[in-house]
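Listing of final_19.cif; format and content: mmCIF, C-alpha atoms.
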```cif
data_coords
#
loop_
_atom_site.label_atom_id
_atom_site.label_comp_id
_atom_site.auth_asym_id
_atom_site.auth_seq_id
_atom_site.Cartn_x
_atom_site.Cartn_y
_atom_site.Cartn_z
CA SER A 2 -33.56 278.75 100.66
CA LEU A 3 -37.01 277.32 101.26
CA GLN A 4 -37.71 277.17 104.98
CA THR A 5 -40.27 274.52 105.69
CA THR A 6 -40.70 271.11 107.32
CA GLY A 7 -41.82 267.73 106.03
CA CYS A 8 -44.82 267.41 108.39
CA LEU A 9 -47.56 267.86 105.80
CA ALA A 10 -45.81 265.59 103.28
CA LEU A 11 -45.35 262.85 105.90
CA SER A 12 -49.03 263.13 106.84
CA GLN A 13 -50.03 262.87 103.18
CA LEU A 14 -47.82 259.82 102.57
CA ASN A 15 -49.30 258.05 105.60
CA ASP A 16 -52.81 258.99 104.39
CA GLU A 17 -51.98 257.23 101.11
CA GLY A 18 -50.81 254.07 102.92
CA ILE A 19 -47.09 254.77 102.45
CA VAL A 20 -45.51 254.47 105.89
CA ALA A 21 -43.36 257.54 106.50
CA GLY A 22 -41.55 258.17 109.77
CA CYS A 23 -39.89 261.31 110.98
CA GLU A 24 -36.49 262.66 112.00
CA GLY A 25 -34.59 259.69 110.59
CA ASP A 26 -35.88 257.37 113.34
CA VAL A 27 -35.54 254.04 111.53
CA PRO A 28 -36.59 251.78 114.46
CA ALA A 29 -39.76 253.84 114.99
CA THR A 30 -40.50 253.80 111.26
CA LEU A 31 -40.08 250.01 111.23
CA THR A 32 -42.45 249.89 114.21
CA MET A 33 -44.93 251.95 112.16
CA MET A 34 -44.58 249.51 109.27
CA LEU A 35 -45.20 246.50 111.50
CA LEU A 36 -48.24 248.01 113.22
CA THR A 37 -49.73 249.16 109.92
CA THR A 38 -49.14 245.74 108.35
CA LEU A 39 -50.57 243.81 111.32
CA THR A 40 -53.62 246.01 111.86
CA LYS A 41 -54.37 247.43 108.40
CA GLU A 42 -54.71 250.77 110.23
CA PRO A 43 -52.60 253.92 109.90
CA SER A 44 -50.11 254.50 112.71
CA PHE A 45 -48.91 257.64 114.48
CA ILE A 46 -45.29 258.32 115.47
CA GLY A 47 -45.02 260.63 118.46
CA ASN A 48 -42.94 261.92 121.33
CA PRO A 49 -43.93 260.75 124.83
CA GLN A 50 -44.20 263.78 127.12
CA SER A 51 -45.42 264.59 130.64
CA ILE A 52 -45.23 261.00 131.84
CA ASP A 53 -47.41 260.63 134.94
CA SER A 54 -46.62 257.40 136.83
CA GLN A 55 -49.39 257.92 139.40
CA ASN A 56 -52.14 258.04 136.77
CA ASN A 57 -50.21 255.82 134.33
CA THR A 58 -50.62 258.37 131.54
CA LEU A 59 -48.47 260.22 129.05
CA TRP A 60 -48.98 262.73 126.28
CA LEU A 61 -48.05 261.51 122.79
CA THR A 62 -47.38 264.49 120.53
CA HIS A 63 -46.15 265.22 117.02
CA CYS A 64 -46.93 267.39 113.99
CA THR A 65 -47.16 264.65 111.33
CA ILE A 66 -50.29 262.59 112.05
CA ALA A 67 -52.14 261.06 109.11
CA ARG A 68 -55.36 262.99 108.63
CA ASN A 69 -57.31 259.79 108.00
CA LEU A 70 -56.42 258.68 111.53
CA VAL A 71 -58.03 261.64 113.31
CA ASP A 72 -61.61 262.79 113.83
CA HIS A 73 -60.79 266.46 113.20
CA TRP A 74 -57.67 268.26 112.06
CA SER A 75 -56.39 271.74 111.35
CA LEU A 76 -53.19 273.17 109.96
CA ASP A 77 -50.72 274.99 112.17
CA SER A 78 -46.98 275.64 112.08
CA HIS A 79 -44.37 273.07 113.04
CA PHE A 80 -43.96 273.36 116.82
CA GLU A 81 -40.17 273.47 117.30
CA SER A 82 -39.33 275.69 114.35
CA GLY A 83 -42.48 277.75 113.75
CA LEU A 84 -41.96 276.95 110.04
CA GLY A 85 -43.97 274.99 107.52
CA VAL A 86 -47.24 273.26 108.23
CA GLY A 87 -47.95 270.88 111.09
CA ILE A 88 -51.12 268.86 111.62
CA ALA A 89 -53.16 269.44 114.78
CA GLY A 90 -55.41 266.39 115.01
CA THR A 91 -57.92 265.21 117.58
CA MET A 92 -59.23 261.73 118.29
CA ALA A 93 -62.11 260.48 120.40
CA PRO A 94 -61.35 258.43 123.51
CA GLY A 95 -60.87 254.79 122.70
CA PRO A 96 -58.56 251.79 122.66
CA ILE A 97 -55.02 252.04 121.29
CA THR A 98 -51.74 250.15 121.25
CA LEU A 99 -48.42 251.92 121.85
CA ALA A 100 -45.19 250.24 120.72
CA ARG A 101 -41.48 250.73 120.00
CA PHE A 102 -38.84 248.33 118.71
CA GLY A 103 -35.31 249.02 119.86
CA GLY A 104 -31.93 247.60 120.72
CA SER A 105 -28.99 247.10 118.42
CA ASN A 106 -30.77 244.26 116.56
CA LEU A 107 -34.33 245.51 117.11
CA ASP A 108 -34.63 242.60 119.53
CA GLU A 109 -36.12 244.70 122.32
CA LEU A 110 -39.77 245.69 122.49
CA PHE A 111 -41.98 248.05 124.41
CA VAL A 112 -45.67 247.45 123.80
CA SER A 113 -48.84 248.17 125.72
CA ASP A 114 -52.52 248.30 125.07
CA GLY A 115 -54.12 251.45 126.39
CA ALA A 116 -56.66 254.15 125.68
CA ILE A 117 -56.82 257.73 124.52
CA VAL A 118 -58.27 259.59 127.48
CA GLY A 119 -57.89 263.20 126.31
CA VAL A 120 -56.63 265.63 123.70
CA GLY A 121 -54.77 268.87 124.17
CA ASN A 122 -53.99 272.12 122.42
CA SER A 123 -51.02 273.49 124.32
CA PRO A 124 -48.90 275.93 122.29
CA GLN A 125 -45.89 274.43 124.13
CA ARG A 126 -46.17 271.00 122.46
CA CYS A 127 -46.20 269.48 119.01
CA ARG A 128 -49.55 270.11 117.35
CA THR A 129 -51.31 266.74 117.72
CA GLN A 130 -51.56 266.03 121.46
CA LEU A 131 -53.11 262.79 122.70
CA GLN A 132 -53.28 261.86 126.38
CA ILE A 133 -52.92 258.09 126.73
CA ARG A 134 -53.40 255.73 129.66
CA LEU A 135 -51.41 252.51 129.35
CA GLU A 136 -52.04 249.03 130.72
CA VAL A 137 -48.34 248.40 131.52
CA PRO A 138 -46.52 250.75 133.90
CA VAL A 139 -45.78 253.95 131.98
CA ARG A 140 -42.55 254.37 133.95
CA GLU A 141 -41.01 251.66 131.70
CA ILE A 142 -40.63 254.34 129.02
CA LEU A 143 -38.47 256.34 131.45
CA GLU A 144 -36.58 253.45 133.08
CA ASN A 145 -35.89 251.33 129.98
CA PRO A 146 -36.09 253.69 127.00
CA LEU A 147 -35.74 252.16 123.55
CA GLY A 148 -35.72 255.60 121.92
CA ASN A 149 -37.81 258.72 121.95
CA HIS A 150 -40.53 258.15 119.37
CA HIS A 151 -43.24 255.62 120.11
CA VAL A 152 -45.91 254.47 117.69
CA MET A 153 -49.65 254.35 118.27
CA VAL A 154 -52.39 252.54 116.39
CA LYS A 155 -56.12 252.29 117.13
CA GLY A 156 -57.31 249.09 118.80
CA HIS A 157 -55.75 246.59 121.18
CA TRP A 158 -52.97 244.72 119.37
CA ALA A 159 -50.27 244.22 122.04
CA HIS A 160 -50.70 240.44 122.10
CA GLN A 161 -50.24 240.15 118.32
CA VAL A 162 -47.22 242.51 118.38
CA ARG A 163 -45.59 240.43 121.15
CA GLU A 164 -46.26 237.20 119.21
CA PHE A 165 -44.70 238.67 116.05
CA HIS A 166 -41.68 239.89 118.01
CA ASN A 167 -41.22 236.53 119.77
CA LEU A 168 -41.47 234.69 116.46
CA PHE A 169 -38.87 236.76 114.61
CA PHE A 170 -36.54 238.09 117.31
#
```
Can you give me the file's structure in the form of structure tokens?
Amino acid sequence: SLQTTGCLALSQLNDEGIVAGCEGDVPATLTMMLLTTLTKEPSFIGNPQSIDSQNNTLWLTHCTIARNLVDHWSLDSHFESGLGVGIAGTMAPGPITLARFGGSNLDELFVSDGAIVGVGNSPQRCRTQLQIRLEVPVREILENPLGNHHVMVKGHWAHQVREFHNLFF
């Protein structure tokens, strides 16, 4: 059997403007679709890690980032399995929005404007590693989780995402 992962294919699809989520996470993929539609920018699905309430930061990591979203990228293996090809991307510091729809009817929302404040290259994390500082308390992700994956897009769009959510949910 072929032992690989879908990381490179998901990155390529997102590069081509076809929103593609990961690990069967439908709410996160729908969040990607909304952010991409609202902003006309590619989005990044990632796992929040190392949440630091004192500094209001977290690391957002994954192996599937669209290459047209990053400043530089390289190919590596998929972190958890060591198989296939994962994307290790870096981005310059700057404004972002982090969001996640959740709940049984997608009627719950986490959204915050924030900023990329660093990048990492730990071998103990998924390959793209972005340190993000949020404007809302980062502890909300721990205290009221809507799911694991969260979605990031460049720019400050939290107000527009909240307005969309209030209009339709």
Exercise for the section: Could you tell me how far CA of Leu14 in chain A lies from CA of Pro43 in chain A, in Å and to one decimal? Expected result: 10.6 Å
Handout entry: Residues near range 125-131 of chain A, cut-off 10 Å, all atoms listed in the file, skip fewer than 2 positions along chain, as an MDAnalysis selection string
Key = chainID A and resid 45 47:50 59:66 71 74:81 86:94 116:123 133:134
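Here CA of Val162 in chain A stands at a distance of 19.4 Å from CA of Asp26 in chain A.
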Practice task
Name the closest residue to Ile52 in chain A among the candidates A:Leu36, A:Val112, A:Val139, A:Ala159; distances are taken between atoms, counting all atoms listed in the file.
Solution key: A:Val139
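Among the candidates A:Asp16, A:Asp114, A:Glu109, A:Asp72, the residue lying nearest to Asn145 in chain A is A:Glu109 (atoms considered: all atoms listed in the file).
Atom to atom, CA of Thr6 in chain A and CA of Gly85 in chain A stand 5.1 Å apart.
Nearest residue to His160 in chain A, choosing from A:Leu143, A:Ala29, A:Leu107, A:Ala100 and counting all atoms listed in the file: A:Ala100.
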Handout entry: Within 10 Å of Ile19 in chain A using all atoms listed in the file, minus same-chain residues under 4 positions, as a ChimeraX atom specification
Key = /A:11-15,34,37,43
Exercise for the section: Evaluate the PyMOL selection byres ((chain A and resi 152) around 8) and record the selected residues as a list in words, following the chain and residue labels used in the document. Expected result: Ala29, Thr32, Met33, Ser44, Phe45, Ile46, Gly47, Leu99, Ala100, Arg101, His150, His151, Met153 and Val154 of chain A
Exercise for the section: Apply the PyMOL selection byres ((chain A and resi 96) around 7) to the displayed file and report the matching residues as an MDAnalysis selection string. Expected result: chainID A and resid 95 97 115:117 155:157
Exercise for the section: Dig up all the protein and nucleic acid residues within 6 Å of (-43.3, 253.4, 107.8) in the file frame, using all atoms listed in the file, and format them as a PyMOL selection string. Expected result: chain A and resi 20-22+30-31+33-34
Practice task
Carefully work through the PyMOL selection byres ((chain A and resi 147) around 6) for this structure and note down the residues it includes, as a list in words.
Solution key: Gly103, Pro146 and Gly148 of chain A
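Among A:Leu135, A:Ile142, A:Leu168, A:Leu70, the residue with the shortest atom-to-atom distance to Glu17 in chain A, counting only C-alpha atoms, is A:Leu70.
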Practice task
Pick out the residues sitting within 10 Å of Gln161 in chain A, and hand them over as number ranges by chain; count all atoms listed in the file, and ignore anything fewer than 3 positions along from it in its own chain.
Solution key: A: 36, 39-40, 157-158, 164-167
Problem - Proximity to Gly104 in chain A - best of A:Gly7, A:Pro124, A:Pro28, A:Gly18, only C-alpha atoms - result: A:Pro28
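Minimum distance to Glu24 in chain A across A:Thr5, A:Gln132, A:Thr98, A:Asn149 (counting only C-alpha atoms) occurs at A:Asn149.
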3 Å per side around range 127-134 of chain A: axis-aligned box centre and edge lengths, as lines of an AutoDock Vina configuration file:
```
center_x = -49.8
center_y = 262.9
center_z = 123.5
size_x = 13.2
size_y = 20.4
size_z = 18.3
```
